[in-house]
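**Q** Starting off with a structure, shown below.
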Amino acid sequence: MTEAIRIILIGPPGAGKGTQAQRLRDLHGLVHISAGDLFRARIKDPNDPMGQQLKAILDSGALVPDAVTIQMIAERLQQADCAKGFILDGFPRSIAQAEALDAMLLKHNIKLDAVIQMEVDDDKLVERISGRYTCGECNTGYHDTFKPAQDAHTCDVCGAKDKFVRRSDDNAEAVRARLKTYYNQTTPILPYYEGKGMLKRLDGMASMDEVTAAIEAILKGPKDSPGKNPPRP
Ligand code: AP5
Ligand code: MG
């Protein structure tokens with residue numbers, strides 16, 4: 001018997017949402033749904049009519065309008081692989097998105113296991129973001145200091161050569177704007193989930209392994225907690 005896990009990771013830019021989501025995906029066979037990655041895929045697609053508008057929004061550090069974001073996540077959650085369980089990385093980021101997600105989950109009789117807030121000091125976030133790079137082929141995340149690729153030209157995971165990329169919104173001005181957006185528009189969803197008894201906080205300043213262990217401990221929490229899904233066959 002395996003049990004599908006469904007969680008939300010909330011945290012400021014650079015908190016480690018994507019890093020931990022990739023680890024949880026590999027550890028538990030979950031689907032990693034990153035709103036930011038979905039937008040970046042659309043920006044890369046020359047046939048997407050909204051690509052350039054999305055790029056301007058992401059580069060500015062503002063949020064993409066709720067209607068566009070909610071529609072995109074609703075479509076992704078309807079895909080068959082999500083039955084395995086999923087990690088929502090960077091969604092929801094507004095009260096409207098949280099309410100829309102509740103309605104989607106209710107419609108399909110799905111319960112979330114946990115909403116996890118990753119807390120990291122602003123100074124550390126800037127350090128993390130300024131050293132970040134990813135493989136343009138498989139999207140594996142790296143860091144110049146904290147997690148360098150074994151070979152500077154080759155992805156450890158997929159072996160792609162000279163495909164490392166840095167995000168265009170990872171400059172100082174955009175990071176400041178993303179942080180402001182996080183504190184103004186996203187942190188109001190924390191009391192929303194706290195009121196439902198679902199919010200768990202963890203120290204995102206710890207090492208990557210320690211953060212993974214903290215998430216695993218949350219997931220192993222009391223079996224009769226209100227958000228637990230019934231076992232899947
Ligand atoms: P998104 O792509 O989600 O960006 P973000 O929220 O700014 O977060 P990041 O991806 O920068 O950070 P992360 O927490 O994933 O950190 P990572 O694991 O990479 O969103 C981009 C944009 O899309 C938004 O600004 C917005 O415009 C739009 N958007 C997205 N979602 C939206 C929504 N719901 N509604 C509307 N618009 C939306 O780690 C960072 C670095 O640190 C890495 O190099 C990593 O190796 C390193 N690191 C990670 N953990 C540790 C650790 N514990 N110790 C040391 N180093 C670490
Ligand atoms: Mg990310």
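Letters for chains follow the order of the structure tokens (A, B, ...), residue numbers begin at 1 for each chain, and ligand numbers begin at 1 in the order shown.
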Please extract the residues at most 7 Å from ligand 1, counting only C-alpha atoms and all ligand atoms, and provide them as a ChimeraX atom specification, using the chain letters and residue numbers of this document.
**A** /A:11-20,34-37,39,57-58,61-66,69,89-93,128-129,131-133,141-143,146-147,178,204-208,211
**Q** Contacts between stretch 157-174 of chain A and stretch 66-136 of chain A, please, where a residue of stretch 66-136 of chain A counts if it comes within 6 Å (with only C-alpha atoms); show its shortest atom pair and distance in Å to one decimal, rows by chain and ascending number, as a tab-separated table.
**A**
residue	atom	partner	partner_atom	distance
A:Tyr133	CA	A:Arg166	CA	4.8
A:Thr134	CA	A:Phe164	CA	5.5
A:Cys135	CA	A:Phe164	CA	4.5
A:Gly136	CA	A:Lys163	CA	5.2
**Q** Kindly indicate which residue among A:Ala83, A:Leu88, A:Ile43, A:Ala100 lies nearest to ligand 2, using only C-alpha atoms and all ligand atoms for the distances.
**A**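 The closest residue to ligand 2 is A:Leu88.
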**Q** Skipping near chain neighbours, those fewer than 3 positions away, what residues fall within 10 Å of stretch 193-195 of chain A using only C-alpha atoms, listed as a list of chain:residue names?
**A**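 These residues fall inside the cut-off: A:Ala98, A:Ala114, A:Val115, A:Ile116, A:Pro188, A:Ile189, A:Leu190, A:Met198, A:Leu199, A:Lys200.
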**Q** Using N, CA and C atoms, can you write the selected residues to a file as a compact mmCIF listing (two decimals), in the first residue's frame?
**A**
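What landed in result_2.txt:
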# COMPACT_ATOMS: atom_id res chain seq x y z
N ALA A 98 -5.44 30.57 -3.03
CA ALA A 98 -5.66 29.55 -1.98
C ALA A 98 -7.12 29.10 -1.99
N ALA A 114 -0.07 18.66 4.17
CA ALA A 114 0.58 19.73 4.94
C ALA A 114 0.85 20.93 4.05
N VAL A 115 0.88 22.07 4.70
CA VAL A 115 1.31 23.32 4.06
C VAL A 115 2.56 23.74 4.83
N ILE A 116 3.68 23.75 4.14
CA ILE A 116 4.96 23.93 4.83
C ILE A 116 5.57 25.28 4.49
N PRO A 188 0.00 36.82 3.51
CA PRO A 188 -1.37 36.77 4.04
C PRO A 188 -2.03 35.39 3.92
N ILE A 189 -1.48 34.49 3.12
CA ILE A 189 -2.11 33.16 3.07
C ILE A 189 -1.67 32.29 4.25
N LEU A 190 -0.65 32.73 4.99
CA LEU A 190 -0.19 31.89 6.11
C LEU A 190 -1.27 31.77 7.19
N MET A 198 -3.35 23.56 9.33
CA MET A 198 -2.52 22.81 8.38
C MET A 198 -1.09 23.33 8.28
N LEU A 199 -0.83 24.51 8.82
CA LEU A 199 0.47 25.15 8.57
C LEU A 199 1.57 24.58 9.47
N LYS A 200 2.69 24.19 8.84
CA LYS A 200 3.88 23.73 9.57
C LYS A 200 5.02 24.65 9.16
**Q** Check the DSSP output for the backbone and give back, as an NGL selection string, the residues of stretch 16-204 of chain A in alpha helix (DSSP H).
**A** :A and (17-28 or 35-44 or 51-60 or 66-77 or 95-107 or 122-130 or 172-181 or 189-195)
**Q** Would you list, as a list in words, the residues of stretch 132-223 of chain A that end up in strand (DSSP E or B) under DSSP run on this structure's backbone?
**A**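 DSSP on the backbone gives strand (DSSP E or B) at Arg132, Tyr133, Thr134, Cys135, Gly141, Tyr142, His143, Lys147, Asp151, Thr154, Lys161, Phe164, Val165, Leu199, Lys200, Arg201, Leu202 and Asp203 of chain A.
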